[in-house]
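The structure file data_37.pdb is reproduced below (PDB, N, CA and C atoms).
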ATOM      1  N   MET V   1       0.930   8.992  11.068
ATOM      2  CA  MET V   1       0.554   8.358   9.814
ATOM      3  C   MET V   1       1.268   7.011   9.725
ATOM      4  N   ARG V   2       0.527   5.970   9.459
ATOM      5  CA  ARG V   2       1.103   4.633   9.390
ATOM      6  C   ARG V   2       1.807   4.436   8.067
ATOM      7  N   SER V   3       2.847   3.640   8.099
ATOM      8  CA  SER V   3       3.549   3.344   6.856
ATOM      9  C   SER V   3       3.038   2.037   6.277
ATOM     10  N   VAL V   4       3.389   1.799   5.037
ATOM     11  CA  VAL V   4       2.952   0.584   4.353
ATOM     12  C   VAL V   4       3.544  -0.643   5.019
ATOM     13  N   ALA V   5       4.726  -0.522   5.591
ATOM     14  CA  ALA V   5       5.361  -1.662   6.236
ATOM     15  C   ALA V   5       4.564  -2.145   7.443
ATOM     16  N   SER V   6       3.757  -1.267   8.039
ATOM     17  CA  SER V   6       3.002  -1.673   9.211
ATOM     18  C   SER V   6       1.742  -2.453   8.862
ATOM     19  N   ILE V   7       1.433  -2.609   7.596
ATOM     20  CA  ILE V   7       0.257  -3.374   7.195
ATOM     21  C   ILE V   7       0.383  -4.819   7.647
ATOM     22  N   SER V   8       1.578  -5.381   7.538
ATOM     23  CA  SER V   8       1.756  -6.786   7.871
ATOM     24  C   SER V   8       1.549  -7.050   9.352
ATOM     25  N   THR V   9       1.801  -6.057  10.216
ATOM     26  CA  THR V   9       1.594  -6.286  11.639
ATOM     27  C   THR V   9       0.122  -6.380  11.971
ATOM     28  N   GLY V  10      -0.745  -5.802  11.145
ATOM     29  CA  GLY V  10      -2.179  -5.912  11.354
ATOM     30  C   GLY V  10      -2.716  -7.275  10.990
ATOM     31  N   MET V  11      -1.907  -8.092  10.339
ATOM     32  CA  MET V  11      -2.348  -9.420   9.938
ATOM     33  C   MET V  11      -1.915 -10.478  10.943
ATOM     34  N   GLY V  12      -1.475 -10.052  12.128
ATOM     35  CA  GLY V  12      -1.140 -11.023  13.155
ATOM     36  C   GLY V  12       0.328 -11.390  13.176
ATOM     37  N   GLY V  13       1.203 -10.513  12.766
ATOM     38  CA  GLY V  13       2.628 -10.787  12.800
ATOM     39  C   GLY V  13       3.303 -10.251  11.568
ATOM     40  N   THR V  14       4.603 -10.395  11.561
ATOM     41  CA  THR V  14       5.358  -9.932  10.400
ATOM     42  C   THR V  14       5.817 -11.143   9.622
ATOM     43  N   GLN V  15       4.936 -11.674   8.840
ATOM     44  CA  GLN V  15       5.253 -12.838   8.031
ATOM     45  C   GLN V  15       5.591 -12.392   6.626
ATOM     46  N   GLU V  16       6.594 -12.986   6.062
ATOM     47  CA  GLU V  16       6.984 -12.689   4.684
ATOM     48  C   GLU V  16       6.095 -13.502   3.759
ATOM     49  N   VAL V  17       5.382 -12.827   2.905
ATOM     50  CA  VAL V  17       4.473 -13.495   1.989
ATOM     51  C   VAL V  17       5.080 -13.418   0.602
ATOM     52  N   GLY V  18       5.300 -14.558  -0.019
ATOM     53  CA  GLY V  18       5.852 -14.582  -1.362
ATOM     54  C   GLY V  18       4.749 -14.475  -2.399
ATOM     55  N   LEU V  19       4.792 -13.422  -3.199
ATOM     56  CA  LEU V  19       3.802 -13.245  -4.256
ATOM     57  C   LEU V  19       4.431 -13.680  -5.569
ATOM     58  N   THR V  20       3.828 -14.657  -6.195
ATOM     59  CA  THR V  20       4.339 -15.107  -7.485
ATOM     60  C   THR V  20       3.253 -14.947  -8.519
ATOM     61  N   ALA V  21       3.626 -14.424  -9.629
ATOM     62  CA  ALA V  21       2.673 -14.232 -10.720
ATOM     63  C   ALA V  21       2.769 -15.410 -11.675
ATOM     64  N   VAL V  22       1.636 -15.947 -12.041
ATOM     65  CA  VAL V  22       1.595 -17.047 -12.991
ATOM     66  C   VAL V  22       1.498 -16.439 -14.383
ATOM     67  N   LYS V  23       2.482 -16.702 -15.204
ATOM     68  CA  LYS V  23       2.485 -16.173 -16.558
ATOM     69  C   LYS V  23       2.594 -17.322 -17.540
ATOM     70  N   HIS V  24       1.767 -17.291 -18.539
ATOM     71  CA  HIS V  24       1.824 -18.293 -19.578
ATOM     72  C   HIS V  24       2.865 -17.866 -20.604
ATOM     73  N   SER V  25       3.302 -18.788 -21.434
ATOM     74  CA  SER V  25       4.369 -18.490 -22.379
ATOM     75  C   SER V  25       3.976 -17.408 -23.385
ATOM     76  N   LYS V  26       2.707 -17.363 -23.797
ATOM     77  CA  LYS V  26       2.275 -16.357 -24.766
ATOM     78  C   LYS V  26       1.767 -15.088 -24.083
ATOM     79  N   ASP V  27       1.349 -15.199 -22.842
ATOM     80  CA  ASP V  27       0.756 -14.079 -22.122
ATOM     81  C   ASP V  27       1.817 -13.410 -21.258
ATOM     82  N   GLN V  28       2.292 -12.245 -21.670
ATOM     83  CA  GLN V  28       3.333 -11.537 -20.939
ATOM     84  C   GLN V  28       2.772 -10.326 -20.177
ATOM     85  N   ARG V  29       1.465 -10.271 -19.992
ATOM     86  CA  ARG V  29       0.863  -9.167 -19.251
ATOM     87  C   ARG V  29       1.169  -9.325 -17.766
ATOM     88  N   PRO V  30       1.282  -8.195 -17.050
ATOM     89  CA  PRO V  30       1.533  -8.293 -15.612
ATOM     90  C   PRO V  30       0.327  -8.870 -14.884
ATOM     91  N   GLY V  31       0.590  -9.627 -13.860
ATOM     92  CA  GLY V  31      -0.472 -10.251 -13.087
ATOM     93  C   GLY V  31      -0.861  -9.415 -11.884
ATOM     94  N   PHE V  32      -1.725  -9.978 -11.060
ATOM     95  CA  PHE V  32      -2.209  -9.294  -9.867
ATOM     96  C   PHE V  32      -1.064  -8.958  -8.924
ATOM     97  N   ALA V  33      -0.140  -9.881  -8.753
ATOM     98  CA  ALA V  33       0.982  -9.649  -7.842
ATOM     99  C   ALA V  33       1.834  -8.481  -8.314
ATOM    100  N   ASP V  34       2.037  -8.357  -9.633
ATOM    101  CA  ASP V  34       2.819  -7.239 -10.158
ATOM    102  C   ASP V  34       2.123  -5.909  -9.894
ATOM    103  N   HIS V  35       0.812  -5.886 -10.096
ATOM    104  CA  HIS V  35       0.048  -4.663  -9.823
ATOM    105  C   HIS V  35       0.079  -4.328  -8.332
ATOM    106  N   LEU V  36      -0.009  -5.340  -7.496
ATOM    107  CA  LEU V  36       0.016  -5.127  -6.060
ATOM    108  C   LEU V  36       1.366  -4.576  -5.612
ATOM    109  N   LYS V  37       2.444  -5.140  -6.129
ATOM    110  CA  LYS V  37       3.779  -4.644  -5.784
ATOM    111  C   LYS V  37       3.967  -3.197  -6.231
ATOM    112  N   ALA V  38       3.503  -2.870  -7.431
ATOM    113  CA  ALA V  38       3.633  -1.499  -7.941
ATOM    114  C   ALA V  38       2.808  -0.526  -7.098
ATOM    115  N   THR V  39       1.621  -0.942  -6.699
ATOM    116  CA  THR V  39       0.767  -0.092  -5.875
ATOM    117  C   THR V  39       1.377   0.127  -4.505
ATOM    118  N   LEU V  40       1.938  -0.918  -3.914
ATOM    119  CA  LEU V  40       2.597  -0.773  -2.621
ATOM    120  C   LEU V  40       3.807   0.152  -2.710
ATOM    121  N   ALA V  41       4.571   0.030  -3.778
ATOM    122  CA  ALA V  41       5.728   0.906  -3.963
ATOM    123  C   ALA V  41       5.286   2.359  -4.136
ATOM    124  N   ASN V  42       4.231   2.570  -4.915
ATOM    125  CA  ASN V  42       3.716   3.921  -5.128
ATOM    126  C   ASN V  42       3.188   4.511  -3.822
ATOM    127  N   THR V  43       2.473   3.718  -3.044
ATOM    128  CA  THR V  43       1.953   4.179  -1.760
ATOM    129  C   THR V  43       3.087   4.516  -0.811
ATOM    130  N   ASN V  44       4.115   3.719  -0.809
ATOM    131  CA  ASN V  44       5.277   3.985   0.034
ATOM    132  C   ASN V  44       5.952   5.296  -0.376
ATOM    133  N   ASP V  45       6.081   5.533  -1.682
ATOM    134  CA  ASP V  45       6.664   6.785  -2.171
ATOM    135  C   ASP V  45       5.819   7.985  -1.744
ATOM    136  N   LEU V  46       4.510   7.863  -1.853
ATOM    137  CA  LEU V  46       3.633   8.955  -1.443
ATOM    138  C   LEU V  46       3.734   9.223   0.059
ATOM    139  N   GLN V  47       3.894   8.173   0.846
ATOM    140  CA  GLN V  47       4.070   8.333   2.292
ATOM    141  C   GLN V  47       5.364   9.093   2.596
ATOM    142  N   HIS V  48       6.438   8.739   1.889
ATOM    143  CA  HIS V  48       7.721   9.422   2.099
ATOM    144  C   HIS V  48       7.645  10.881   1.660
ATOM    145  N   GLN V  49       6.973  11.162   0.551
ATOM    146  CA  GLN V  49       6.823  12.538   0.085
ATOM    147  C   GLN V  49       6.030  13.372   1.089
ATOM    148  N   ALA V  50       4.977  12.799   1.638
ATOM    149  CA  ALA V  50       4.175  13.511   2.630
ATOM    150  C   ALA V  50       4.984  13.777   3.891
ATOM    151  N   GLN V  51       5.758  12.802   4.304
ATOM    152  CA  GLN V  51       6.602  12.973   5.492
ATOM    153  C   GLN V  51       7.626  14.071   5.267
ATOM    154  N   THR V  52       8.244  14.083   4.098
ATOM    155  CA  THR V  52       9.227  15.113   3.767
ATOM    156  C   THR V  52       8.579  16.492   3.728
ATOM    157  N   ALA V  53       7.395  16.570   3.132
ATOM    158  CA  ALA V  53       6.682  17.847   3.050
ATOM    159  C   ALA V  53       6.325  18.362   4.442
ATOM    160  N   MET V  54       5.912  17.463   5.336
ATOM    161  CA  MET V  54       5.586  17.871   6.709
ATOM    162  C   MET V  54       6.826  18.377   7.437
ATOM    163  N   GLU V  55       7.946  17.667   7.264
ATOM    164  CA  GLU V  55       9.189  18.091   7.909
ATOM    165  C   GLU V  55       9.653  19.443   7.395
ATOM    166  N   GLU V  56       9.543  19.665   6.084
ATOM    167  CA  GLU V  56       9.954  20.946   5.507
ATOM    168  C   GLU V  56       9.044  22.078   5.971
ATOM    169  N   LEU V  57       7.767  21.812   6.120
ATOM    170  CA  LEU V  57       6.846  22.829   6.611
ATOM    171  C   LEU V  57       7.145  23.150   8.076
ATOM    172  N   ALA V  58       7.413  22.124   8.858
ATOM    173  CA  ALA V  58       7.685  22.325  10.286
ATOM    174  C   ALA V  58       8.992  23.073  10.525
ATOM    175  N   THR V  59       9.983  22.840   9.677
ATOM    176  CA  THR V  59      11.279  23.505   9.863
ATOM    177  C   THR V  59      11.327  24.863   9.192
ATOM    178  N   GLY V  60      10.316  25.208   8.412
ATOM    179  CA  GLY V  60      10.273  26.514   7.766
ATOM    180  C   GLY V  60      10.953  26.578   6.416
ATOM    181  N   ARG V  61      11.441  25.463   5.920
ATOM    182  CA  ARG V  61      12.080  25.455   4.599
ATOM    183  C   ARG V  61      11.066  25.605   3.477
ATOM    184  N   ASN V  62       9.828  25.215   3.736
ATOM    185  CA  ASN V  62       8.772  25.335   2.745
ATOM    186  C   ASN V  62       7.556  25.935   3.444
ATOM    187  N   GLY V  63       7.079  27.061   2.956
ATOM    188  CA  GLY V  63       5.948  27.725   3.584
ATOM    189  C   GLY V  63       4.635  27.460   2.893
ATOM    190  N   ASN V  64       4.631  26.559   1.910
ATOM    191  CA  ASN V  64       3.417  26.295   1.142
ATOM    192  C   ASN V  64       2.607  25.196   1.824
ATOM    193  N   ILE V  65       1.663  25.604   2.645
ATOM    194  CA  ILE V  65       0.854  24.641   3.394
ATOM    195  C   ILE V  65      -0.100  23.880   2.475
ATOM    196  N   HIS V  66      -0.507  24.521   1.374
ATOM    197  CA  HIS V  66      -1.433  23.871   0.438
ATOM    198  C   HIS V  66      -0.808  22.613  -0.168
ATOM    199  N   GLU V  67       0.425  22.708  -0.645
ATOM    200  CA  GLU V  67       1.091  21.534  -1.231
ATOM    201  C   GLU V  67       1.353  20.460  -0.187
ATOM    202  N   THR V  68       1.650  20.891   1.041
ATOM    203  CA  THR V  68       1.871  19.920   2.115
ATOM    204  C   THR V  68       0.595  19.138   2.400
ATOM    205  N   LEU V  69      -0.511  19.842   2.529
ATOM    206  CA  LEU V  69      -1.782  19.165   2.790
ATOM    207  C   LEU V  69      -2.214  18.299   1.614
ATOM    208  N   LEU V  70      -1.916  18.737   0.406
ATOM    209  CA  LEU V  70      -2.241  17.948  -0.779
ATOM    210  C   LEU V  70      -1.444  16.641  -0.799
ATOM    211  N   SER V  71      -0.159  16.709  -0.492
ATOM    212  CA  SER V  71       0.656  15.479  -0.476
ATOM    213  C   SER V  71       0.209  14.547   0.642
ATOM    214  N   MET V  72      -0.189  15.112   1.782
ATOM    215  CA  MET V  72      -0.689  14.277   2.877
ATOM    216  C   MET V  72      -2.008  13.613   2.494
ATOM    217  N   SER V  73      -2.851  14.334   1.792
ATOM    218  CA  SER V  73      -4.133  13.778   1.362
ATOM    219  C   SER V  73      -3.937  12.654   0.346
ATOM    220  N   LYS V  74      -3.008  12.839  -0.582
ATOM    221  CA  LYS V  74      -2.715  11.784  -1.563
ATOM    222  C   LYS V  74      -2.212  10.526  -0.860
ATOM    223  N   ALA V  75      -1.314  10.708   0.096
ATOM    224  CA  ALA V  75      -0.758   9.562   0.824
ATOM    225  C   ALA V  75      -1.844   8.847   1.617
ATOM    226  N   GLU V  76      -2.724   9.624   2.253
ATOM    227  CA  GLU V  76      -3.793   9.021   3.038
ATOM    228  C   GLU V  76      -4.773   8.240   2.164
ATOM    229  N   THR V  77      -5.143   8.814   1.031
ATOM    230  CA  THR V  77      -6.073   8.144   0.125
ATOM    231  C   THR V  77      -5.474   6.854  -0.426
ATOM    232  N   SER V  78      -4.211   6.921  -0.805
ATOM    233  CA  SER V  78      -3.533   5.736  -1.326
ATOM    234  C   SER V  78      -3.432   4.651  -0.257
ATOM    235  N   PHE V  79      -3.130   5.054   0.969
ATOM    236  CA  PHE V  79      -3.019   4.091   2.061
ATOM    237  C   PHE V  79      -4.367   3.443   2.365
ATOM    238  N   LYS V  80      -5.436   4.240   2.338
ATOM    239  CA  LYS V  80      -6.774   3.681   2.577
ATOM    240  C   LYS V  80      -7.149   2.670   1.500
ATOM    241  N   MET V  81      -6.768   2.965   0.264
ATOM    242  CA  MET V  81      -7.065   2.035  -0.822
ATOM    243  C   MET V  81      -6.308   0.718  -0.629
ATOM    244  N   VAL V  82      -5.042   0.806  -0.234
ATOM    245  CA  VAL V  82      -4.250  -0.403   0.007
ATOM    246  C   VAL V  82      -4.860  -1.213   1.154
ATOM    247  N   MET V  83      -5.315  -0.528   2.183
ATOM    248  CA  MET V  83      -5.927  -1.239   3.309
ATOM    249  C   MET V  83      -7.230  -1.926   2.896
ATOM    250  N   GLN V  84      -8.010  -1.306   2.027
ATOM    251  CA  GLN V  84      -9.242  -1.932   1.559
ATOM    252  C   GLN V  84      -8.951  -3.160   0.706
ATOM    253  N   VAL V  85      -7.926  -3.084  -0.132
ATOM    254  CA  VAL V  85      -7.532  -4.248  -0.935
ATOM    255  C   VAL V  85      -7.078  -5.370  -0.006
ATOM    256  N   ARG V  86      -6.285  -5.022   1.008
ATOM    257  CA  ARG V  86      -5.823  -6.010   1.989
ATOM    258  C   ARG V  86      -7.023  -6.671   2.676
ATOM    259  N   ASN V  87      -7.992  -5.871   3.096
ATOM    260  CA  ASN V  87      -9.167  -6.421   3.773
ATOM    261  C   ASN V  87      -9.961  -7.348   2.856
ATOM    262  N   LYS V  88     -10.106  -6.969   1.597
ATOM    263  CA  LYS V  88     -10.842  -7.811   0.646
ATOM    264  C   LYS V  88     -10.110  -9.131   0.401
ATOM    265  N   VAL V  89      -8.790  -9.073   0.294
ATOM    266  CA  VAL V  89      -8.006 -10.298   0.084
ATOM    267  C   VAL V  89      -8.121 -11.206   1.310
ATOM    268  N   LEU V  90      -8.040 -10.633   2.506
ATOM    269  CA  LEU V  90      -8.180 -11.441   3.722
ATOM    270  C   LEU V  90      -9.570 -12.051   3.833
ATOM    271  N   ASN V  91     -10.590 -11.278   3.488
ATOM    272  CA  ASN V  91     -11.959 -11.817   3.522
ATOM    273  C   ASN V  91     -12.125 -12.962   2.520
ATOM    274  N   ALA V  92     -11.556 -12.804   1.339
ATOM    275  CA  ALA V  92     -11.641 -13.867   0.332
ATOM    276  C   ALA V  92     -10.904 -15.116   0.817
ATOM    277  N   TYR V  93      -9.737 -14.936   1.424
ATOM    278  CA  TYR V  93      -8.966 -16.071   1.956
ATOM    279  C   TYR V  93      -9.763 -16.785   3.045
ATOM    280  N   GLN V  94     -10.356 -16.013   3.950
ATOM    281  CA  GLN V  94     -11.135 -16.610   5.029
ATOM    282  C   GLN V  94     -12.353 -17.358   4.475
ATOM    283  N   GLU V  95     -12.965 -16.820   3.449
ATOM    284  CA  GLU V  95     -14.116 -17.481   2.822
ATOM    285  C   GLU V  95     -13.692 -18.799   2.182
ATOM    286  N   VAL V  96     -12.558 -18.820   1.525
ATOM    287  CA  VAL V  96     -12.060 -20.054   0.921
ATOM    288  C   VAL V  96     -11.749 -21.082   1.997
ATOM    289  N   MET V  97     -11.178 -20.627   3.117
ATOM    290  CA  MET V  97     -10.840 -21.563   4.185
ATOM    291  C   MET V  97     -12.082 -22.139   4.855
ATOM    292  N   ARG V  98     -13.207 -21.431   4.806
ATOM    293  CA  ARG V  98     -14.445 -21.931   5.391
ATOM    294  C   ARG V  98     -15.166 -22.915   4.499
ATOM    295  N   MET V  99     -14.796 -22.968   3.236
ATOM    296  CA  MET V  99     -15.465 -23.893   2.310
ATOM    297  C   MET V  99     -15.175 -25.332   2.694
ATOM    298  N   GLN V 100     -16.201 -26.156   2.588
ATOM    299  CA  GLN V 100     -16.020 -27.571   2.884
ATOM    300  C   GLN V 100     -15.806 -28.332   1.598
ATOM    301  N   MET V 101     -14.953 -29.313   1.707
ATOM    302  CA  MET V 101     -14.642 -30.095   0.506
ATOM    303  C   MET V 101     -15.402 -31.377   0.517
TER     304      MET V 101
END

Conversion result in structure tokens:
Amino acid sequence: MRSVASISTGMGGTQEVGLTAVKHSKDQRPGFADHLKATLANTNDLQHQAQTAMEELATGRNGNIHETLLSMSKAETSFKMVMQVRNKVLNAYQEVMRMQM
């Protein structure tokens, strides 16, 4: 199972991307970058929970295979969603770069 940290290697390297949210003085709502950071953190947590559940099942500390498979499914679904958002953002960036001025 791939971790969230490996997403950046699929983009052609491990580049640090600075996400800054533009907030107006009266508008204190979270922006896209804030939602993206929260989603990445949540996906990372789900990945760690699934990994822990798999390790506990393999070592015999937890015999509940249903909860293990459920946590793995949640992590997989969350990861797929993050990858789709990444693909859409990359496609939008590529489309903007193809525009002629």

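Note that the spacing between CA of Thr52 in chain V and atom C of Leu69 in chain V amounts to 12.1 Å.
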
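CA of Gln28 in chain V to atom N of Thr43 in chain V spans 23.5 Å [interatomic distance, one decimal].
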
Where in range 27-83 of chain V does DSSP assign alpha helix (DSSP H), given as a PyMOL selection string?
chain V and resi 32-59+65-83

Taking (4.0, 16.0, 4.0) as a centre in this file's frame and 8 Å as the limit, can you find every polymer residue with an atom that close, using all atoms listed in the file, and give them as an NGL selection string?
:V and (46-57 or 67-73)

Select all residues near (-2.1, -6.4, -1.5) (cut-off 9 Å, inclusive, file coordinates), counting only C-alpha atoms, and output them as number ranges by chain.
V: 32-33, 35-37, 39-40, 82-87, 89

Could you work out how far atom N of Ala38 in chain V lies from atom C of Ser78 in chain V, giving the answer in Å with one decimal?
12.5 Å

Around range 54-62 of chain V, fit a box with edges along x, y and z, padding it by 3 Å on each side, then list its centre and edge lengths in Å to one decimal as lines of an AutoDock Vina configuration file.
center_x = 8.8
center_y = 22.0
center_z = 6.6
size_x = 12.5
size_y = 15.1
size_z = 13.8
